Structures are given as structure tokens and as C-alpha cells.
>>> print(open('protein_27.cif').read())   # mmCIF, C-alpha atoms
data_model
#
loop_
_atom_site.label_atom_id
_atom_site.label_comp_id
_atom_site.auth_asym_id
_atom_site.auth_seq_id
_atom_site.Cartn_x
_atom_site.Cartn_y
_atom_site.Cartn_z
CA MET V 1 -120.89 -82.72 2.29
CA TYR V 2 -124.28 -81.83 3.64
CA SER V 3 -124.92 -78.34 4.91
CA VAL V 4 -125.97 -79.41 8.41
CA ASN V 5 -123.04 -80.09 10.76
CA SER V 6 -124.61 -82.74 12.94
CA VAL V 7 -125.90 -84.61 9.88
CA ASN V 8 -122.39 -84.51 8.41
CA ARG V 9 -120.97 -85.91 11.60
CA LEU V 10 -123.49 -88.77 11.61
CA ILE V 11 -122.72 -89.55 7.95
CA GLY V 12 -119.02 -89.57 8.87
CA GLU V 13 -119.59 -91.95 11.77
CA PHE V 14 -121.64 -94.38 9.68
CA ASN V 15 -118.97 -94.15 6.97
CA LYS V 16 -116.41 -95.56 9.42
CA LEU V 17 -118.33 -98.83 9.75
CA PRO V 18 -117.06 -101.74 7.63
CA GLY V 19 -118.73 -102.02 4.23
CA ILE V 20 -120.59 -98.72 4.64
CA GLY V 21 -119.57 -96.29 1.90
CA GLU V 22 -120.47 -92.62 1.79
CA LYS V 23 -123.70 -93.14 -0.17
CA THR V 24 -124.94 -95.79 2.25
CA ALA V 25 -123.84 -93.67 5.22
CA GLN V 26 -125.94 -90.83 3.84
CA ARG V 27 -128.94 -93.09 3.25
CA LEU V 28 -128.72 -94.45 6.80
CA SER V 29 -128.40 -90.95 8.25
CA PHE V 30 -131.46 -89.66 6.41
CA PHE V 31 -133.35 -92.75 7.52
CA ILE V 32 -132.42 -91.97 11.15
CA LEU V 33 -133.50 -88.35 10.62
CA LYS V 34 -136.90 -89.43 9.35
CA GLN V 35 -137.55 -91.89 12.18
CA PRO V 36 -139.52 -90.93 15.28
CA LYS V 37 -137.07 -89.86 18.00
CA GLU V 38 -137.67 -92.83 20.37
CA ILE V 39 -137.05 -95.36 17.62
CA ALA V 40 -133.88 -93.67 16.33
CA LEU V 41 -132.50 -93.40 19.85
CA ARG V 42 -132.89 -97.13 20.40
CA LEU V 43 -129.89 -97.74 18.11
CA ALA V 44 -127.86 -95.16 20.05
CA GLU V 45 -128.87 -96.79 23.34
CA SER V 46 -128.02 -100.26 22.07
CA ILE V 47 -124.54 -99.15 21.08
CA LYS V 48 -124.04 -97.61 24.53
CA GLU V 49 -125.40 -100.72 26.20
CA VAL V 50 -123.04 -103.16 24.51
CA LYS V 51 -120.06 -100.92 25.22
CA GLU V 52 -121.03 -100.79 28.89
CA LYS V 53 -122.07 -104.40 29.45
CA VAL V 54 -120.07 -106.58 27.12
CA ARG V 55 -116.54 -107.73 27.96
CA TYR V 56 -114.31 -110.70 27.11
CA CYS V 57 -114.86 -113.97 28.98
CA SER V 58 -111.81 -114.60 31.19
CA ILE V 59 -111.80 -118.26 30.19
CA CYS V 60 -112.62 -118.46 26.47
CA ALA V 61 -112.21 -114.77 25.41
CA ASN V 62 -115.65 -114.71 23.77
CA PHE V 63 -117.88 -111.64 24.17
CA THR V 64 -120.07 -111.92 27.25
CA GLU V 65 -122.12 -109.89 29.74
CA GLU V 66 -121.30 -112.18 32.66
CA ASP V 67 -117.87 -113.60 33.44
CA PRO V 68 -117.32 -116.50 32.84
CA CYS V 69 -119.64 -116.55 29.81
CA ARG V 70 -122.77 -118.67 29.65
CA ILE V 71 -121.10 -121.35 27.57
CA CYS V 72 -118.14 -121.68 29.97
CA GLN V 73 -120.58 -121.74 32.92
CA ASP V 74 -122.90 -124.33 31.39
CA LYS V 75 -122.33 -127.65 33.19
CA ARG V 76 -124.05 -129.65 30.47
CA ARG V 77 -121.31 -128.78 27.98
CA ASP V 78 -118.47 -131.17 27.35
CA ARG V 79 -115.37 -129.44 28.75
CA ALA V 80 -113.10 -132.13 27.33
CA THR V 81 -113.76 -130.95 23.77
CA LEU V 82 -112.35 -127.52 22.96
CA CYS V 83 -113.09 -125.76 19.71
CA VAL V 84 -110.52 -123.09 18.78
CA VAL V 85 -111.89 -120.28 16.60
CA GLU V 86 -110.59 -116.95 15.32
CA GLY V 87 -113.39 -114.64 16.47
CA PRO V 88 -116.62 -114.35 18.45
CA GLU V 89 -118.50 -114.35 15.10
CA ASP V 90 -117.37 -117.95 14.65
CA VAL V 91 -118.75 -118.96 18.04
CA SER V 92 -122.03 -117.34 17.03
CA LEU V 93 -122.07 -119.34 13.78
CA LEU V 94 -121.26 -122.65 15.44
CA GLU V 95 -123.83 -122.05 18.20
CA ARG V 96 -126.49 -121.29 15.61
CA MET V 97 -125.90 -124.79 14.25
CA GLY V 98 -126.88 -125.95 17.76
CA LYS V 99 -125.08 -129.28 17.54
CA PHE V 100 -121.65 -128.70 19.04
CA LYS V 101 -121.72 -129.48 22.75
CA GLY V 102 -118.09 -128.73 23.64
CA VAL V 103 -116.58 -125.42 24.74
CA TYR V 104 -114.70 -122.71 22.83
CA HIS V 105 -111.48 -120.78 22.81
CA VAL V 106 -111.46 -117.50 20.89
CA LEU V 107 -108.03 -116.54 19.53
CA GLY V 108 -109.10 -113.02 18.63
CA GLY V 109 -107.49 -113.20 15.20
CA ALA V 110 -105.17 -115.31 13.07
CA ILE V 111 -101.42 -115.23 12.61
CA SER V 112 -100.64 -113.00 9.62
CA PRO V 113 -97.12 -111.74 8.86
CA LEU V 114 -98.63 -109.46 6.20
CA LYS V 115 -101.00 -107.76 8.64
CA GLY V 116 -98.36 -107.81 11.38
CA VAL V 117 -100.28 -110.23 13.61
CA ARG V 118 -97.72 -112.36 15.48
CA PRO V 119 -98.46 -115.51 17.53
CA GLU V 120 -98.08 -113.50 20.75
CA ASP V 121 -100.79 -111.06 19.57
CA ILE V 122 -103.54 -113.68 19.75
CA ASN V 123 -104.81 -115.76 22.68
CA ILE V 124 -102.47 -118.74 22.32
CA LYS V 125 -100.87 -118.51 25.78
CA SER V 126 -104.26 -118.71 27.51
CA LEU V 127 -105.10 -121.70 25.27
CA LEU V 128 -102.00 -123.58 26.44
CA LYS V 129 -102.89 -122.75 30.05
CA ARG V 130 -106.33 -124.30 29.54
CA ILE V 131 -104.79 -127.48 28.13
CA GLU V 132 -102.18 -127.89 30.90
CA PRO V 133 -104.44 -129.30 33.66
CA GLY V 134 -105.03 -132.33 31.40
CA GLU V 135 -108.83 -132.28 31.30
CA ILE V 136 -109.10 -131.57 27.59
CA ARG V 137 -109.08 -134.62 25.35
CA GLU V 138 -109.67 -133.06 21.94
CA VAL V 139 -108.86 -129.69 20.42
CA ILE V 140 -110.76 -128.88 17.21
CA LEU V 141 -108.91 -126.24 15.18
CA ALA V 142 -111.77 -124.33 13.52
CA THR V 143 -109.79 -121.41 12.13
CA ASP V 144 -110.73 -120.11 8.68
CA PRO V 145 -109.91 -122.26 5.63
CA ASN V 146 -107.54 -119.62 4.19
CA VAL V 147 -103.80 -118.97 4.36
CA GLU V 148 -103.90 -117.16 7.72
CA GLY V 149 -106.29 -119.65 9.31
CA GLU V 150 -104.17 -122.56 8.05
CA THR V 151 -100.96 -120.98 9.33
CA THR V 152 -102.56 -120.47 12.73
CA ALA V 153 -103.88 -124.03 12.81
CA ILE V 154 -100.43 -125.45 11.97
CA TYR V 155 -98.70 -123.19 14.51
CA VAL V 156 -101.15 -124.09 17.30
CA SER V 157 -101.08 -127.81 16.46
CA LYS V 158 -97.29 -127.86 16.83
CA LEU V 159 -97.57 -126.28 20.28
CA LEU V 160 -100.28 -128.75 21.27
CA PHE V 161 -98.41 -131.83 20.04
CA PRO V 162 -96.44 -132.40 23.32
CA PHE V 163 -99.72 -132.61 25.31
CA LYS V 164 -100.58 -135.84 23.50
CA ILE V 165 -104.24 -134.96 23.01
CA LYS V 166 -106.36 -135.46 19.93
CA ILE V 167 -105.95 -132.49 17.56
CA THR V 168 -108.45 -132.18 14.71
CA ARG V 169 -109.16 -129.70 11.94
CA LEU V 170 -112.54 -128.95 10.31
CA ALA V 171 -113.02 -131.01 7.12
CA TYR V 172 -112.41 -129.44 3.75
CA GLY V 173 -114.86 -130.47 1.09
CA LEU V 174 -117.77 -129.57 -1.09
CA PRO V 175 -120.24 -127.08 0.37
CA ALA V 176 -123.71 -128.52 0.93
CA GLY V 177 -126.21 -127.48 -1.72
CA GLY V 178 -123.37 -126.66 -4.08
CA ASP V 179 -122.67 -127.92 -7.56
CA LEU V 180 -119.63 -130.07 -8.40
CA GLU V 181 -119.08 -127.92 -11.47
CA PHE V 182 -118.44 -124.81 -9.39
CA ALA V 183 -115.96 -126.34 -6.96
CA ASP V 184 -112.38 -125.06 -7.28
CA GLU V 185 -109.55 -127.53 -7.72
CA VAL V 186 -108.21 -127.30 -4.17
CA THR V 187 -111.63 -127.95 -2.66
CA LEU V 188 -112.23 -130.81 -5.09
CA TRP V 189 -108.87 -132.39 -4.29
CA GLU V 190 -109.48 -132.03 -0.55
CA SER V 191 -112.94 -133.55 -0.84
CA LEU V 192 -111.46 -136.45 -2.81
CA GLN V 193 -108.78 -137.02 -0.18
CA GLY V 194 -111.31 -136.78 2.62
CA ARG V 195 -113.79 -139.13 0.89
CA ARG V 196 -115.83 -141.33 3.16
CA GLU V 197 -117.06 -144.87 2.71
CA VAL V 198 -120.74 -145.19 2.07
CA HIS V 199 -122.69 -147.84 3.98
CA PRO V 200 -125.91 -148.37 2.10
CA MET E 1 -129.38 -115.49 17.67
CA TYR E 2 -126.30 -114.65 19.66
CA SER E 3 -126.14 -115.73 23.29
CA VAL E 4 -125.55 -112.21 24.67
CA ASN E 5 -128.75 -110.17 25.10
CA SER E 6 -127.34 -106.70 24.53
CA VAL E 7 -125.48 -107.88 21.43
CA ASN E 8 -128.72 -109.38 20.11
CA ARG E 9 -130.51 -106.10 20.69
CA LEU E 10 -127.81 -104.17 18.81
CA ILE E 11 -127.96 -106.63 15.89
CA GLY E 12 -131.74 -106.17 15.87
CA GLU E 13 -131.44 -102.38 15.81
CA PHE E 14 -128.92 -102.40 12.95
CA ASN E 15 -131.16 -104.88 11.11
CA LYS E 16 -133.95 -102.29 11.08
CA LEU E 17 -131.88 -99.88 8.97
CA PRO E 18 -132.57 -99.89 5.22
CA GLY E 19 -130.39 -102.28 3.24
CA ILE E 20 -128.87 -103.83 6.38
CA GLY E 21 -129.64 -107.55 6.51
CA GLU E 22 -129.01 -109.82 9.48
CA LYS E 23 -125.48 -110.80 8.38
CA THR E 24 -124.44 -107.17 7.92
CA ALA E 25 -126.13 -106.20 11.20
CA GLN E 26 -124.06 -108.85 12.93
CA ARG E 27 -120.84 -107.71 11.25
CA LEU E 28 -121.50 -104.10 12.26
CA SER E 29 -122.29 -105.12 15.84
CA PHE E 30 -119.09 -107.12 16.21
CA PHE E 31 -117.17 -104.21 14.72
CA ILE E 32 -118.68 -101.90 17.36
CA LEU E 33 -117.80 -104.44 20.06
CA LYS E 34 -114.18 -104.53 18.98
CA GLN E 35 -113.79 -100.74 18.81
CA PRO E 36 -112.40 -98.72 21.73
CA LYS E 37 -115.30 -97.41 23.82
CA GLU E 38 -114.87 -93.71 22.97
CA ILE E 39 -114.86 -94.38 19.25
CA ALA E 40 -117.91 -96.65 19.32
CA LEU E 41 -119.82 -94.15 21.44
CA ARG E 42 -119.26 -91.42 18.87
CA LEU E 43 -121.81 -93.07 16.58
CA ALA E 44 -124.30 -93.27 19.46
CA GLU E 45 -123.69 -89.61 20.29
CA SER E 46 -124.06 -88.55 16.66
CA ILE E 47 -127.43 -90.27 16.42
CA LYS E 48 -128.57 -88.53 19.61
CA GLU E 49 -127.23 -85.22 18.35
CA VAL E 50 -129.12 -85.23 15.07
CA LYS E 51 -132.33 -86.25 16.79
CA GLU E 52 -131.94 -83.36 19.23
CA LYS E 53 -130.73 -80.66 16.89
CA VAL E 54 -132.16 -81.32 13.46
CA ARG E 55 -135.67 -80.19 12.51
CA TYR E 56 -137.51 -79.21 9.34
CA CYS E 57 -136.99 -75.72 7.95
CA SER E 58 -140.28 -73.81 8.28
CA ILE E 59 -139.82 -72.37 4.78
CA CYS E 60 -138.46 -75.12 2.55
CA ALA E 61 -138.99 -78.22 4.77
CA ASN E 62 -135.37 -79.31 4.39
CA PHE E 63 -133.47 -80.71 7.39
CA THR E 64 -131.77 -77.96 9.35
CA GLU E 65 -130.30 -77.09 12.73
CA GLU E 66 -131.35 -73.43 12.55
CA ASP E 67 -134.73 -72.19 11.36
CA PRO E 68 -134.94 -70.93 8.60
CA CYS E 69 -132.21 -73.13 7.13
CA ARG E 70 -128.93 -71.74 5.85
CA ILE E 71 -130.03 -71.87 2.24
CA CYS E 72 -133.29 -70.00 2.93
CA GLN E 73 -131.33 -67.46 5.02
CA ASP E 74 -128.59 -66.95 2.42
CA LYS E 75 -129.15 -63.56 0.79
CA ARG E 76 -126.87 -64.36 -2.16
CA ARG E 77 -129.27 -67.04 -3.36
CA ASP E 78 -131.78 -66.31 -6.07
CA ARG E 79 -135.18 -66.44 -4.35
CA ALA E 80 -136.99 -66.11 -7.67
CA THR E 81 -135.91 -69.59 -8.74
CA LEU E 82 -137.46 -72.40 -6.74
CA CYS E 83 -136.38 -76.00 -7.16
CA VAL E 84 -138.99 -78.53 -6.00
CA VAL E 85 -137.55 -81.88 -4.86
CA GLU E 86 -138.90 -84.98 -3.18
CA GLY E 87 -136.52 -85.28 -0.24
CA PRO E 88 -133.64 -83.68 1.67
CA GLU E 89 -131.29 -86.18 -0.03
CA ASP E 90 -132.05 -84.43 -3.32
CA VAL E 91 -131.11 -81.03 -1.89
CA SER E 92 -127.87 -82.59 -0.69
CA LEU E 93 -127.17 -83.95 -4.20
CA LEU E 94 -127.94 -80.67 -5.96
CA GLU E 95 -125.87 -78.68 -3.45
CA ARG E 96 -122.92 -81.00 -3.96
CA MET E 97 -123.02 -80.00 -7.64
CA GLY E 98 -122.48 -76.45 -6.33
CA LYS E 99 -123.94 -74.72 -9.35
CA PHE E 100 -127.60 -74.14 -8.56
CA LYS E 101 -128.03 -70.74 -6.95
CA GLY E 102 -131.79 -70.74 -6.39
CA VAL E 103 -133.72 -72.00 -3.36
CA TYR E 104 -135.50 -75.27 -2.64
CA HIS E 105 -138.84 -76.68 -1.63
CA VAL E 106 -138.83 -80.19 -0.18
CA LEU E 107 -142.09 -82.08 -0.76
CA GLY E 108 -141.21 -84.86 1.66
CA GLY E 109 -142.26 -87.58 -0.77
CA ALA E 110 -144.05 -88.15 -4.06
CA ILE E 111 -147.68 -88.83 -4.86
CA SER E 112 -148.19 -92.59 -4.99
CA PRO E 113 -151.64 -94.20 -5.01
CA LEU E 114 -149.94 -97.59 -4.55
CA LYS E 115 -148.13 -96.54 -1.38
CA GLY E 116 -151.12 -94.52 -0.20
CA VAL E 117 -149.37 -91.15 -0.49
CA ARG E 118 -151.98 -88.55 -1.47
CA PRO E 119 -151.30 -84.97 -2.62
CA GLU E 120 -152.32 -83.68 0.81
CA ASP E 121 -149.70 -85.90 2.47
CA ILE E 122 -146.78 -83.98 0.94
CA ASN E 123 -145.80 -80.30 1.23
CA ILE E 124 -147.80 -78.94 -1.71
CA LYS E 125 -149.92 -76.47 0.29
CA SER E 126 -146.83 -74.75 1.66
CA LEU E 127 -145.42 -74.64 -1.89
CA LEU E 128 -148.48 -72.78 -3.17
CA LYS E 129 -148.23 -70.36 -0.24
CA ARG E 130 -144.64 -69.59 -1.22
CA ILE E 131 -145.69 -68.87 -4.82
CA GLU E 132 -148.64 -66.61 -3.91
CA PRO E 133 -146.70 -63.42 -3.04
CA GLY E 134 -145.54 -63.34 -6.66
CA GLU E 135 -141.79 -63.17 -6.10
CA ILE E 136 -141.01 -66.51 -7.70
CA ARG E 137 -140.46 -66.44 -11.46
CA GLU E 138 -139.50 -70.04 -12.14
CA VAL E 139 -140.34 -73.36 -10.50
CA ILE E 140 -138.06 -76.25 -11.47
CA LEU E 141 -139.78 -79.59 -10.89
CA ALA E 142 -136.88 -81.84 -9.91
CA THR E 143 -138.86 -84.86 -8.73
CA ASP E 144 -137.50 -88.33 -9.57
CA PRO E 145 -137.69 -89.50 -13.20
CA ASN E 146 -140.02 -92.40 -12.36
CA VAL E 147 -143.81 -92.91 -12.33
CA GLU E 148 -144.34 -91.36 -8.90
CA GLY E 149 -142.04 -88.41 -9.55
CA GLU E 150 -143.70 -87.79 -12.94
CA THR E 151 -147.18 -87.98 -11.41
CA THR E 152 -146.15 -85.48 -8.76
CA ALA E 153 -144.57 -83.14 -11.32
CA ILE E 154 -147.73 -83.18 -13.48
CA TYR E 155 -149.99 -82.68 -10.46
CA VAL E 156 -147.92 -79.76 -9.13
CA SER E 157 -147.55 -78.17 -12.57
CA LYS E 158 -151.35 -78.10 -12.98
CA LEU E 159 -151.73 -76.32 -9.65
CA LEU E 160 -149.00 -73.83 -10.58
CA PHE E 161 -150.41 -73.06 -14.03
CA PRO E 162 -152.80 -70.26 -12.86
CA PHE E 163 -149.84 -68.36 -11.34
CA LYS E 164 -148.46 -67.77 -14.84
CA ILE E 165 -144.87 -68.41 -13.87
CA LYS E 166 -142.26 -70.42 -15.74
CA ILE E 167 -142.54 -74.11 -14.87
CA THR E 168 -139.68 -76.38 -15.92
CA ARG E 169 -138.77 -80.03 -15.50
CA LEU E 170 -135.25 -81.52 -15.35
CA ALA E 171 -134.14 -82.75 -18.79
CA TYR E 172 -134.39 -86.42 -19.61
CA GLY E 173 -131.50 -87.76 -21.63
CA LEU E 174 -128.38 -89.83 -21.72
CA PRO E 175 -126.38 -90.00 -18.51
CA ALA E 176 -122.93 -88.44 -18.79
CA GLY E 177 -120.15 -90.97 -19.14
CA GLY E 178 -122.63 -93.57 -20.32
CA ASP E 179 -122.69 -95.62 -23.48
CA LEU E 180 -125.39 -95.20 -26.13
CA GLU E 181 -125.66 -98.98 -26.34
CA PHE E 182 -126.84 -99.25 -22.74
CA ALA E 183 -129.53 -96.56 -22.91
CA ASP E 184 -133.12 -97.81 -22.65
CA GLU E 185 -135.65 -96.89 -25.32
CA VAL E 186 -137.51 -94.30 -23.25
CA THR E 187 -134.31 -92.45 -22.35
CA LEU E 188 -133.12 -92.62 -25.95
CA TRP E 189 -136.43 -91.27 -27.25
CA GLU E 190 -136.40 -88.46 -24.67
CA SER E 191 -132.81 -87.55 -25.51
CA LEU E 192 -133.75 -87.47 -29.19
CA GLN E 193 -136.73 -85.19 -28.52
CA GLY E 194 -134.66 -82.95 -26.30
CA ARG E 195 -131.79 -82.74 -28.77
CA ARG E 196 -129.94 -79.45 -28.86
CA GLU E 197 -128.37 -77.61 -31.76
CA VAL E 198 -124.59 -77.66 -31.83
CA HIS E 199 -122.76 -74.44 -32.48
CA PRO E 200 -119.27 -75.38 -33.56
#
>>> encode(input="protein_27.cif", output="C-alpha cells")
Amino acid sequence: MYSVNSVNRLIGEFNKLPGIGEKTAQRLSFFILKQPKEIALRLAESIKEVKEKVRYCSICANFTEEDPCRICQDKRRDRATLCVVEGPEDVSLLERMGKFKGVYHVLGGAISPLKGVRPEDINIKSLLKRIEPGEIREVILATDPNVEGETTAIYVSKLLFPFKIKITRLAYGLPAGGDLEFADEVTLWESLQGRREVHP
Amino acid sequence: MYSVNSVNRLIGEFNKLPGIGEKTAQRLSFFILKQPKEIALRLAESIKEVKEKVRYCSICANFTEEDPCRICQDKRRDRATLCVVEGPEDVSLLERMGKFKGVYHVLGGAISPLKGVRPEDINIKSLLKRIEPGEIREVILATDPNVEGETTAIYVSKLLFPFKIKITRLAYGLPAGGDLEFADEVTLWESLQGRREVHP
């Protein structure tokens, strides 16, 4: 508790952010206090700006300023290849790679009985609606490689099966730059099963 | 790089905060995006509020909303005991302890030839002015226990010497709850020199 009310409030607000404990919240607040006013206010303005401008794309449910989003609008992208991800962060990651030329569908979460997230809580209905017209040839299930992501991938793949389109899942395997020694057994087994022929 | 401009700007602003790398900045930004508008705007408002309301106390140079600050105004505090600290964070720490009943003087930094901080860059002049009237009996030098804090403490103590008041420095020693095994040699030596008689 700091003796200045407004400083306390700021510390409290920073403390609500994920991964920001009280010590860090205090450090950030004092940093803001020491900054010139214009510079400190830029963060405040940026927060306001995203909350005013950014919404969900009506097609893919990714964050966007214009609707449909730039990716859904882009005519050079392959609309027959749909990559299904859990969150907008995943789109950001895949786009940074700069190699995927298809389009996305953001589920906005993963099925998790433990966290109370049911299939109807994530964007599965809108996914099926996108598949119905028959233009999509492949759906890549790029949910996280954990229990919830797997559950979601299996659930979605079962719903997609009747459409008779190609359904794929991201490959499990060894991370690039890693060391065989540090791989866990599941990853090692998956990388063995998914082994590829080498053509020297 | 995320494809939405305002999101990019927010990530950039978070990235400028101390200890917030690009990954964390992105995580915080997406968190803000997913929050209800009113809740997300509270952080923005809090930043604005501190920048509007908070200034430096004209007596002790601590952050405050009212001038002089609450501590300097508080008549129950012992104005004869002055604790000299580097930053407002230190006042916050000492106040949390709730046991120090004197007043503070915030230097706003420590002397550091490497970082280009000279004695005239920190609030030493105003400290001497506070000592001049002769009401202060003890000055506690509570600068950090590192090279810069030590340098500052020695520099300030030399300036205070002619006033013939008590000048003290926080005790070096073993941290409470620590383990003797993990103490470095300097700390161990200091704790040995500063040993106190036990009265069982």
C-alpha cells in the first residue's frame, strides 16, 4: 500500500494484468510516474484506441480494425485452405512465419470440461457454416498440442468428417534447434511415428 | 508484427515498460483486447490520473497528490529524524514496514559517474537546506547497499559532517530468513563486524 491514492489505483490496475505481480505492478507504476507526461499518456491512449477500434472479424473471428479483416479480404490468399486456431495470438504467430497462404478461423478458446468451456462456447458453429458452401478443401487443425487442444481437434474433426474434406493436424515432433536428450517420451514417440523418408 | 495497427502500437507501448519484452507486451495487449471495455479502460484512466494528480513534494521530493505530502504534513511524525533514500519506491518500502516514525528526503537517484549522475543532479542541495535550521538531530542514510548507494552515502555524510548531527547508515548483515551458507563474503564480514551482544 502506497500512501498516494491514485498511485495505489494504478498499481492495482497493473496487478490485474496476467503475469504482473504486486512488485512488478509497483515498478511499472513508478516508471510511469517518472516518465514525461506525453510519453506516459501514449500507453493510456493506445489502450483506449484498441478498445475503440478493434473488434472481431465477422468471418474468421480474429481481431481486426476493419470488417472483414485484412486476411479475409486479401484475394491473394488461398480460401480453400482453412487453418483453425484457438486464439488471435496463434494467427499472429503463424503470420509472423510468413509462409502460410491460406485463411484462418479463430475458435476463441479450446474445449475444457475443467474450465467449463463447452463446444458451444467456442466458434465451432461459424466454422461449420464456412465449410458448408463446399469451397474449402482442407482444414488444418492448429489447436495447441495439449489435452484441451487435442480434445478440441478431435471434436472438430468428427464434426467435419461428413463434409469429406481433407482434415489435417499440425505435426508433433522434435523442436528445431533442440537436443534429442531433452525431448520427452511422448514427443520422441510422435516424432518416431511421424518420421519422414530422406532423399539424399 | 501483428497485422492490426492499433494493436501493434499497444504492443510497442507495453514493450517500452521496464522488464516487459515483446512476448509479454503481446500477451498483455491480447489480454486488454479480450477484457470488457470498461475494465480495460480503467488502466488507461489510472495512468492519466497519476500523470494529472501526482507531483513531487516540495519538502521531501516524494510523489504526492497534495503538497506538502501526507508524511511531511503529519504532525505525529518525528521531524528530527530524517531518512535519506534514493527513490519514492524506498519510501513505499519503509512505510510498508510501518515502524519508522521520522520523515524522509528523496534524492531522486544515486551518484554514478558511469551513468553520468553527478551530485548536482540529485536532491542534495534541498537536503542541506532542510538541515540548516538545526531542527534535525539524526540523518539516516538509507541509500542502496551497492557501489552507487555507498558512494552517495559517503558523499552526503561528508557534506553533513559540519552540521554536527548524528549521521547513521542502515546496518549491513544477514538477511532475515536466510541461510548462513548462502551469504556472500562481504555480507558475512559486515555482519561479523556489526555483531551485537546478546542479553539472555
>>> resolve_selection(input="protein_27.cif", expression="the PyMOL selection byres ((chain E) within 9 of (chain V))", output="MDAnalysis selection string")
chainID E and resid 1:7 9:14 17:19 24 26:33 35:37 40:55 63:65 69:71 88:89 91:93 95:96
>>> residues_around(input="protein_27.cif", residues="Cys83 (chain E)", least_positions_apart="2", cutoff="6 Å", atoms="only C-alpha atoms", output="short mmCIF file (atom, residue, chain, number, x, y, z; two decimals) with C-alpha atoms, in the frame of the given file")
data_model
loop_
_atom_site.label_atom_id
_atom_site.label_comp_id
_atom_site.auth_asym_id
_atom_site.auth_seq_id
_atom_site.Cartn_x
_atom_site.Cartn_y
_atom_site.Cartn_z
CA TYR E 104 -135.50 -75.27 -2.64
CA VAL E 139 -140.34 -73.36 -10.50
CA ILE E 140 -138.06 -76.25 -11.47
#
>>> residues_around(input="protein_27.cif", residues="region 75-78 of chain E", least_positions_apart="3", cutoff="7 Å", atoms="all atoms listed in the file", output="compact mmCIF listing (two decimals) with C-alpha atoms, keeping the file's coordinate frame")
# COMPACT_ATOMS: atom_id res chain seq x y z
CA THR E 81 -135.91 -69.59 -8.74
CA LYS E 101 -128.03 -70.74 -6.95
CA GLY E 102 -131.79 -70.74 -6.39
CA VAL E 103 -133.72 -72.00 -3.36
>>> atom_distance(input="protein_27.cif", atom1="CA of Gly177 (chain E)", atom2="CA of His105 (chain E)")
29.3 Å
>>> atom_distance(input="protein_27.cif", atom1="CA of Ala171 (chain E)", atom2="CA of His199 (chain E)")
19.6 Å
>>> closest_residue(input="protein_27.cif", among="V:Leu82, V:Val198, V:Ile124, V:Cys57", to="Lys166 (chain V)", atoms="all atoms listed in the file")
V:Leu82
>>> residues_near_point(input="protein_27.cif", point="(-134.5, -90.1, -23.1)", cutoff="12 Å", atoms="all atoms listed in the file", output="PyMOL selection string")
chain E and resi 145+170-175+180+182-195
>>> atom_distance(input="protein_27.cif", atom1="CA of Asp121 (chain E)", atom2="CA of Thr152 (chain E)")
11.8 Å
>>> resolve_selection(input="protein_27.cif", expression="the PyMOL selection byres ((chain V and resi 142) around 8)", output="list in words")
Cys83, Val84, Val85, Glu86, Ile140, Leu141, Thr143, Asp144, Ala153, Arg169 and Leu170 of chain V
>>> resolve_selection(input="protein_27.cif", expression="the PyMOL selection byres ((chain V and resi 59) around 10)", output="list of chain:residue names")
V:Tyr56, V:Cys57, V:Ser58, V:Cys60, V:Ala61, V:Asn62, V:Asp67, V:Pro68, V:Cys69, V:Cys72, V:Gln73, V:Tyr104, V:His105, V:Val106, V:Ser126, V:Leu127, V:Lys129, V:Arg130
>>> closest_residue(input="protein_27.cif", among="V:Ile167, V:Val117, V:Ile111, V:Leu128", to="Thr151 (chain V)", atoms="only C-alpha atoms")
V:Ile111
